[in-house]
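Enquirer: Structure file start30.txt (compact mmCIF, C-alpha atoms and all ligand atoms) is given on the next line.
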```
# COMPACT_ATOMS: atom_id res chain seq x y z
CA MET Q 264 -8.89 -13.39 4.35
CA LEU Q 265 -6.23 -16.13 4.38
CA ALA Q 266 -8.91 -18.82 4.68
CA ARG Q 267 -10.58 -17.43 1.59
CA LEU Q 268 -7.32 -17.20 -0.38
CA ARG Q 269 -6.54 -20.82 0.52
CA THR Q 270 -9.65 -21.93 -1.37
CA GLN Q 271 -8.80 -19.80 -4.41
CA PRO Q 272 -7.30 -21.90 -7.24
CA SER Q 273 -5.48 -18.89 -8.75
CA ALA Q 274 -3.57 -18.20 -5.51
CA GLU Q 275 -0.62 -20.08 -4.04
CA LEU Q 276 0.05 -19.15 -0.42
CA ARG Q 277 3.61 -18.97 0.88
CA GLU Q 278 5.12 -18.09 4.23
CA ALA Q 279 8.03 -15.65 4.16
CA LYS Q 280 11.06 -15.47 6.43
CA PRO Q 281 11.33 -12.46 8.74
CA ALA Q 282 13.41 -9.59 7.35
CA THR Q 283 16.69 -8.26 8.69
CA LEU Q 284 16.99 -4.64 9.78
CA GLU Q 285 18.85 -3.53 6.67
CA PRO Q 286 15.94 -2.98 4.24
CA LEU Q 287 14.08 -1.03 6.94
CA LEU Q 288 17.09 1.26 7.40
CA ALA Q 289 16.75 2.33 3.76
CA VAL Q 290 13.53 4.10 4.81
CA HIS Q 291 13.47 4.56 8.60
CA THR Q 292 15.90 6.01 11.12
CA GLN Q 293 17.87 3.69 13.39
CA SER Q 294 16.60 5.51 16.49
CA TYR Q 295 12.97 5.07 15.47
CA LEU Q 296 13.44 1.34 14.80
CA ASP Q 297 15.29 0.95 18.13
CA ASN Q 298 12.35 2.62 19.84
CA LEU Q 299 9.81 0.26 18.22
CA LYS Q 300 11.89 -2.72 19.27
CA SER Q 301 12.31 -1.60 22.86
CA ILE Q 302 8.62 -0.69 23.39
CA SER Q 303 7.66 -4.08 22.01
CA ALA Q 304 10.29 -5.86 24.16
CA ARG Q 305 8.78 -4.41 27.33
CA GLY Q 306 5.35 -5.73 26.38
CA GLY Q 307 4.01 -2.80 24.38
CA GLY Q 308 2.81 0.72 24.89
CA LEU Q 309 1.53 3.82 23.20
CA LEU Q 310 3.60 4.93 20.20
CA PHE Q 311 1.60 7.89 18.95
CA LEU Q 312 -2.08 8.79 19.53
CA ASP Q 313 -3.98 5.95 17.79
CA THR Q 314 -0.93 3.74 17.27
CA ILE Q 315 -0.26 1.17 19.96
CA LEU Q 316 2.32 -1.60 20.19
CA ASN Q 317 2.04 -4.92 21.99
CA GLY Q 318 4.71 -7.47 22.90
CA HIS Q 319 4.61 -8.99 19.40
CA SER Q 320 4.76 -5.78 17.37
CA TRP Q 321 8.47 -5.93 16.58
CA GLU Q 322 8.06 -9.53 15.42
CA ALA Q 323 5.14 -8.33 13.25
CA VAL Q 324 7.32 -5.58 11.75
CA LEU Q 325 10.08 -8.00 10.75
CA GLY Q 326 7.57 -10.64 9.60
CA GLY Q 327 5.61 -8.11 7.54
CA THR Q 328 8.74 -6.68 5.97
CA GLY Q 329 9.90 -10.20 5.15
CA ALA Q 330 6.59 -10.91 3.39
CA VAL Q 331 6.77 -7.65 1.45
CA LEU Q 332 10.34 -8.29 0.30
CA SER Q 333 9.53 -11.85 -0.64
CA ALA Q 334 6.53 -10.68 -2.71
CA VAL Q 335 8.73 -8.13 -4.51
CA ASP Q 336 11.43 -10.71 -5.16
CA HIS Q 337 8.83 -13.11 -6.56
CA ALA Q 338 7.44 -10.52 -8.98
CA VAL Q 339 10.67 -8.88 -10.17
CA SER Q 340 12.32 -12.25 -10.80
CA GLY Q 341 9.59 -12.98 -13.34
CA ARG Q 342 7.64 -15.56 -11.35
CA GLY Q 343 4.37 -13.61 -11.55
CA ASN Q 344 2.45 -10.91 -9.77
CA SER Q 345 2.13 -11.20 -6.01
CA PHE Q 346 0.31 -9.92 -2.96
CA ALA Q 347 1.68 -9.41 0.57
CA ALA Q 348 -1.03 -10.07 3.18
CA VAL Q 349 0.53 -8.00 5.95
CA ARG Q 350 -0.65 -6.16 9.02
CA PRO Q 351 -0.14 -3.63 10.48
CA PRO Q 352 -0.59 -1.40 7.42
CA GLY Q 353 2.19 1.01 6.43
CA HIS Q 354 1.27 4.02 4.32
CA HIS Q 355 0.96 6.54 7.19
CA ALA Q 356 4.40 5.73 8.65
CA LEU Q 357 7.04 8.44 8.34
CA ALA Q 358 10.83 7.99 8.48
CA GLY Q 359 10.93 8.59 12.23
CA ARG Q 360 7.34 8.20 13.40
CA GLY Q 361 4.50 5.70 13.21
CA MET Q 362 0.89 6.87 13.08
CA GLY Q 363 -2.56 5.79 11.88
CA PHE Q 364 -1.98 2.13 12.94
CA CYS Q 365 1.17 2.08 10.76
CA LEU Q 366 4.62 1.24 12.15
CA VAL Q 367 6.86 0.90 9.07
CA ASN Q 368 6.14 2.04 5.54
CA ASN Q 369 5.88 -1.31 3.75
CA VAL Q 370 5.31 0.09 0.29
CA VAL Q 371 8.34 2.39 0.35
CA VAL Q 372 10.50 -0.38 1.85
CA ALA Q 373 9.34 -2.50 -1.12
CA ALA Q 374 10.11 0.27 -3.62
CA ARG Q 375 13.63 0.82 -2.28
CA GLN Q 376 14.37 -2.90 -2.32
CA ALA Q 377 13.13 -3.15 -5.93
CA GLN Q 378 15.33 -0.23 -6.93
CA ARG Q 379 18.36 -1.97 -5.40
CA ASP Q 380 17.38 -4.99 -7.53
CA GLY Q 381 17.51 -2.86 -10.68
CA ARG Q 382 13.90 -1.73 -11.05
CA GLY Q 383 14.67 1.97 -11.32
CA ARG Q 384 11.21 3.45 -11.86
CA VAL Q 385 8.47 2.47 -9.44
CA LEU Q 386 4.80 3.44 -9.63
CA ILE Q 387 2.85 3.32 -6.35
CA ILE Q 388 -0.95 3.26 -6.61
CA ASP Q 389 -2.68 3.85 -3.25
CA TRP Q 390 -6.41 3.12 -3.22
CA ASP Q 391 -6.83 3.01 0.55
CA VAL Q 392 -9.58 5.45 1.61
CA HIS Q 393 -7.01 7.47 3.58
CA HIS Q 394 -4.18 9.51 2.09
CA GLY Q 395 -0.78 7.86 2.44
CA ASN Q 396 0.92 10.85 4.01
CA GLY Q 397 3.93 8.75 5.00
CA THR Q 398 4.44 7.37 1.52
CA GLN Q 399 4.13 10.80 -0.04
CA ALA Q 400 6.58 12.34 2.44
CA LEU Q 401 9.11 9.57 1.75
CA VAL Q 402 8.98 9.82 -2.06
CA GLU Q 403 7.89 13.34 -2.97
CA ALA Q 404 11.44 14.59 -3.62
CA ASP Q 405 12.38 11.56 -5.72
CA PRO Q 406 11.35 11.57 -9.41
CA SER Q 407 12.20 7.86 -9.78
CA ILE Q 408 9.04 6.99 -7.83
CA ARG Q 409 5.57 8.19 -8.81
CA TYR Q 410 2.76 8.16 -6.27
CA VAL Q 411 -0.94 8.14 -7.22
CA SER Q 412 -3.46 8.26 -4.37
CA LEU Q 413 -7.26 8.21 -4.34
CA HIS Q 414 -8.59 9.11 -0.90
CA GLN Q 415 -11.49 10.65 0.95
CA SER Q 416 -11.24 14.37 1.68
CA PRO Q 417 -11.56 16.01 4.09
CA TRP Q 418 -10.57 12.97 6.19
CA TYR Q 419 -7.74 11.50 8.23
CA PRO Q 420 -4.82 12.38 8.08
CA GLY Q 421 -5.66 15.73 6.45
CA THR Q 422 -2.96 15.69 3.76
CA GLY Q 423 -3.19 14.87 0.05
CA THR Q 424 -4.54 17.90 -1.77
CA ALA Q 425 -4.32 17.94 -5.56
CA ALA Q 426 -1.92 20.88 -5.25
CA GLU Q 427 0.67 18.65 -3.51
CA ARG Q 428 2.68 17.54 -6.55
CA GLY Q 429 6.12 16.75 -5.08
CA VAL Q 430 8.62 17.14 -7.93
CA GLY Q 431 5.82 16.44 -10.40
CA ASN Q 432 5.75 12.81 -9.22
CA VAL Q 433 2.74 13.03 -6.86
CA PHE Q 434 -0.81 12.62 -8.23
CA ASN Q 435 -3.40 13.10 -5.49
CA VAL Q 436 -7.10 12.46 -6.10
CA PRO Q 437 -8.99 13.72 -3.02
CA ARG Q 438 -12.72 13.05 -3.30
CA SER Q 439 -15.86 13.46 -1.20
CA PRO Q 440 -17.66 10.42 0.26
CA GLY Q 441 -20.95 8.90 -0.94
CA GLN Q 442 -20.39 9.12 -4.71
CA PRO Q 443 -21.12 6.23 -7.10
CA PRO Q 444 -18.21 3.77 -7.52
CA ALA Q 445 -17.67 4.68 -11.19
CA PHE Q 446 -16.79 8.21 -10.10
CA TYR Q 447 -13.93 6.99 -7.88
CA VAL Q 448 -12.69 4.39 -10.35
CA GLY Q 449 -12.79 6.86 -13.26
CA ASP Q 450 -10.95 9.61 -11.41
CA LEU Q 451 -8.28 7.27 -10.03
CA TRP Q 452 -7.79 5.83 -13.47
CA ALA Q 453 -7.39 9.28 -15.04
CA ALA Q 454 -4.59 9.98 -12.54
CA VAL Q 455 -2.90 6.65 -13.34
CA VAL Q 456 -3.02 7.52 -17.04
CA ALA Q 457 -1.54 10.97 -16.31
CA ALA Q 458 1.25 9.42 -14.25
CA THR Q 459 2.11 6.87 -16.96
CA THR Q 460 2.03 9.16 -19.99
CA ASP Q 461 5.61 9.60 -21.25
CA TRP Q 462 6.83 7.61 -18.21
CA SER Q 463 6.79 3.87 -17.84
CA PRO Q 464 7.38 2.06 -14.55
CA ASP Q 465 9.61 -1.00 -14.08
CA LEU Q 466 7.42 -2.13 -11.17
CA ILE Q 467 3.92 -1.29 -9.94
CA LEU Q 468 3.21 -1.46 -6.21
CA VAL Q 469 -0.37 -1.17 -4.98
CA SER Q 470 -0.99 0.13 -1.46
CA ALA Q 471 -4.11 -1.99 -1.43
CA GLY Q 472 -6.41 -0.82 1.32
CA PHE Q 473 -9.98 -2.08 1.26
CA ASP Q 474 -11.50 0.55 3.54
CA ALA Q 475 -12.83 2.37 0.45
CA MET Q 476 -15.47 -0.37 0.20
CA ALA Q 477 -19.11 0.48 0.86
CA GLY Q 478 -19.92 0.10 4.54
CA ASP Q 479 -16.41 0.37 5.95
CA PRO Q 480 -16.56 2.06 9.37
CA LEU Q 481 -13.44 4.15 8.65
CA GLY Q 482 -14.50 5.62 5.31
CA GLY Q 483 -17.43 6.75 3.18
CA PHE Q 484 -16.53 5.47 -0.29
CA THR Q 485 -18.65 2.92 -2.14
CA LEU Q 486 -16.35 0.43 -3.88
CA GLU Q 487 -17.16 -3.26 -4.31
CA PRO Q 488 -14.82 -6.22 -5.01
CA GLU Q 489 -15.43 -5.97 -8.77
CA HIS Q 490 -13.94 -2.47 -8.83
CA TYR Q 491 -10.63 -3.70 -7.39
CA ALA Q 492 -10.59 -6.47 -9.99
CA ASP Q 493 -11.33 -3.92 -12.73
CA LEU Q 494 -8.56 -1.54 -11.59
CA THR Q 495 -6.07 -4.42 -11.31
CA THR Q 496 -6.90 -5.63 -14.81
CA ARG Q 497 -6.57 -2.12 -16.19
CA LEU Q 498 -3.13 -1.79 -14.57
CA ARG Q 499 -1.99 -5.03 -16.20
CA GLU Q 500 -3.19 -3.79 -19.58
CA ARG Q 501 -1.78 -0.29 -19.16
CA VAL Q 502 1.81 -1.49 -18.65
CA PRO Q 503 1.97 -4.96 -20.22
CA GLY Q 504 4.65 -7.17 -18.74
CA CYS Q 505 5.30 -4.88 -15.78
CA PRO Q 506 5.27 -6.85 -12.51
CA ILE Q 507 2.62 -5.82 -10.00
CA VAL Q 508 2.78 -6.35 -6.23
CA GLY Q 509 -0.18 -5.58 -3.97
CA LEU Q 510 0.41 -4.85 -0.27
CA LEU Q 511 -2.42 -4.86 2.24
CA GLU Q 512 -3.19 -1.53 3.91
CA GLY Q 513 -6.56 -0.80 5.61
CA GLY Q 514 -9.97 -2.48 5.47
CA TYR Q 515 -11.94 -2.97 8.65
CA ILE Q 516 -14.79 -5.40 7.96
CA PRO Q 517 -13.14 -8.84 7.81
CA ASP Q 518 -15.64 -10.41 5.36
CA ARG Q 519 -15.55 -7.42 3.04
CA LEU Q 520 -11.76 -7.24 3.26
CA ALA Q 521 -11.56 -10.93 2.29
CA ALA Q 522 -13.84 -10.36 -0.71
CA GLY Q 523 -11.85 -7.31 -1.87
CA VAL Q 524 -8.47 -9.03 -1.50
CA SER Q 525 -9.78 -12.11 -3.25
CA ALA Q 526 -10.96 -10.07 -6.26
CA HIS Q 527 -7.65 -8.18 -6.43
CA VAL Q 528 -5.58 -11.38 -6.20
CA ARG Q 529 -7.71 -13.12 -8.84
CA ALA Q 530 -7.12 -10.25 -11.24
CA LEU Q 531 -3.38 -10.22 -10.43
CA ALA Q 532 -2.98 -13.93 -11.16
ZN ZN Q 601 -7.06 3.44 5.42
```
If you took the structure in this file and wrote it as structure tokens, what would it be?
Expert:
Amino acid sequence: MLARLRTQPSAELREAKPATLEPLLAVHTQSYLDNLKSISARGGGLLFLDTILNGHSWEAVLGGTGAVLSAVDHAVSGRGNSFAAVRPPGHHALAGRGMGFCLVNNVVVAARQAQRDGRGRVLIIDWDVHHGNGTQALVEADPSIRYVSLHQSPWYPGTGTAAERGVGNVFNVPRSPGQPPAFYVGDLWAAVVAATTDWSPDLILVSAGFDAMAGDPLGGFTLEPEHYADLTTRLRERVPGCPIVGLLEGGYIPDRLAAGVSAHVRALA
């Protein structure tokens, strides 16, 4: 993915400094973060079911958070849209528990930082094939953040029904696998329009997973790179002038992931 972005004239790659603990504490509990750090310091171990740490995981958490915060700072200071190429992903992480390969909830950490920087209303679009249960749990009581998620259903992690509306700020689009791409794009877009009617965000964050692409081993959706470009362009046109930051979530075929990210970044630039 990075090799491909390096050859892309529209993209300028930058390294970010690791984050401090403070922005993470706006979202996660101190005891949970202490636990991540100590498991990592002893060389790794099992955190929760499918979520495993190694000796570098804590470093990855601080590095990833640093990249996310740097991408937000870049966009909200008017220097242009940005994309944080981070792993592990984040949208399944809860305040006090990691799951689904996710350790910290990057997109909510980004939203809280942006709000401290004066961007009061934040729209989160999540097009990863899985429902962002962690993101929803962290924002569903807060009307200043709206969360729109397209995801496969029934599928991991089992949350994300259309009836889950938070305080009217949650817009879930659960869909069955194997449908034509236009079906997914159209239904996600209808939810974005619903979320941005009579409400305008100061920042758009995209939980940009690419496991909704055709052929991904962890999902059954059918999207292609052009659909991510189309959705990104539509977002830019829907809220002109609103900064957009994409954050990498899932996507499990490296070549396909690179193609999806590349299309998204091209449309952001
Ligand atoms: Zn996913």
Enquirer: With all atoms listed in the file as the atoms that count, which of Q:Leu466, Q:Leu357, Q:Leu531, Q:Met476 lies nearest to Ser273 (chain Q)?
Expert: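 For Ser273 (chain Q), the nearest of the given residues is Q:Leu531.
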Enquirer: At a cut-off of 8 Å and counting only C-alpha atoms and all ligand atoms, what residues surround ligand ZN 601 (chain Q)? Please answer as a PyMOL selection string.
Expert: chain Q and resi 391-394+472-475+481-482+512-514
Enquirer: Could you tell me which of Q:Gly326, Q:Pro437, Q:Gly341, Q:Pro444 comes closest to Lys280 (chain Q) if we count only C-alpha atoms?
Expert: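 Among Q:Gly326, Q:Pro437, Q:Gly341, Q:Pro444, it is Q:Gly326 that comes nearest to Lys280 (chain Q).
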Enquirer: Which of these, Q:Thr460, Q:Asp336, Q:Gly423, Q:Val349, has the shortest distance to Arg379 (chain Q) once you count all atoms listed in the file?
Expert: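 Using all atoms listed in the file, the shortest distance to Arg379 (chain Q) belongs to Q:Asp336.
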Enquirer: What does the structure give for the distance between CA of Ala471 (chain Q) and CA of Trp390 (chain Q), in Å to one decimal?
Expert: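 Rounded to one decimal, the two atoms are 5.9 Å apart.
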Enquirer: Pick out the residues sitting within 12 Å of Arg499 (chain Q), and hand them over as a PyMOL selection string; count all atoms listed in the file, and ignore anything fewer than 3 positions along from it in its own chain.
Expert: chain Q and resi 343-344+464+466-469+492-496+502-508+527+530-532
Enquirer: Give me, as a list in words, all polymer residues having an atom no more than 10 Å from Val456 (chain Q), counting only C-alpha atoms and skipping those fewer than 5 positions away in the same chain.
Expert: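 Residues near the query, excluding close chain neighbours: Asp450, Leu451, Asp461, Trp462, Leu498 and Arg501 of chain Q.
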Enquirer: From the list Q:Glu427, Q:Asp313, Q:Glu278, Q:Asp465, which residue is nearest Gly363 (chain Q) when using all atoms listed in the file?
Expert: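 Once distances to Gly363 (chain Q) are computed over all atoms listed in the file, the minimum belongs to Q:Asp313.
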Enquirer: May I have the residues within 10 Å of Ala426 (chain Q) as a ChimeraX atom specification, using only C-alpha atoms and disregarding those fewer than 5 positions away in the same chain?
Expert: /Q:433-436
Enquirer: May I ask for the distance between CA of Val335 (chain Q) and CA of Val370 (chain Q), given in Å to one decimal place?
Expert: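 CA of Val370 (chain Q) lies 10.1 Å from CA of Val335 (chain Q).
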Enquirer: Restricting the calculation to only C-alpha atoms, which member of Q:Gln442, Q:Gln293, Q:Ser463, Q:Asn396 is positioned closest to Ile408 (chain Q)?
Expert: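 That would be Q:Ser463, the residue with the smallest distance to Ile408 (chain Q).
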Enquirer: Q:Ala521, Q:Arg529, Q:Ala425, Q:Trp321: which is nearest Arg267 (chain Q), counting all atoms listed in the file?
Expert: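 Among Q:Ala521, Q:Arg529, Q:Ala425, Q:Trp321, it is Q:Ala521 that comes nearest to Arg267 (chain Q).
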Enquirer: Grab all the atoms of region 318-337 of chain Q that the file lists, wrap them in a box along x, y and z, add 4 Å per side, and give me centre plus edge lengths in Å (one decimal) as lines of an AutoDock Vina configuration file.
Expert:
```
center_x = 8.0
center_y = -9.3
center_z = 8.2
size_x = 14.8
size_y = 15.5
size_z = 37.5
```
Enquirer: What is the distance between CA of Gly397 (chain Q) and CA of Ala323 (chain Q), in Å to one decimal?
Expert: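 Interatomic distance, CA of Gly397 (chain Q) to CA of Ala323 (chain Q): 19.0 Å.
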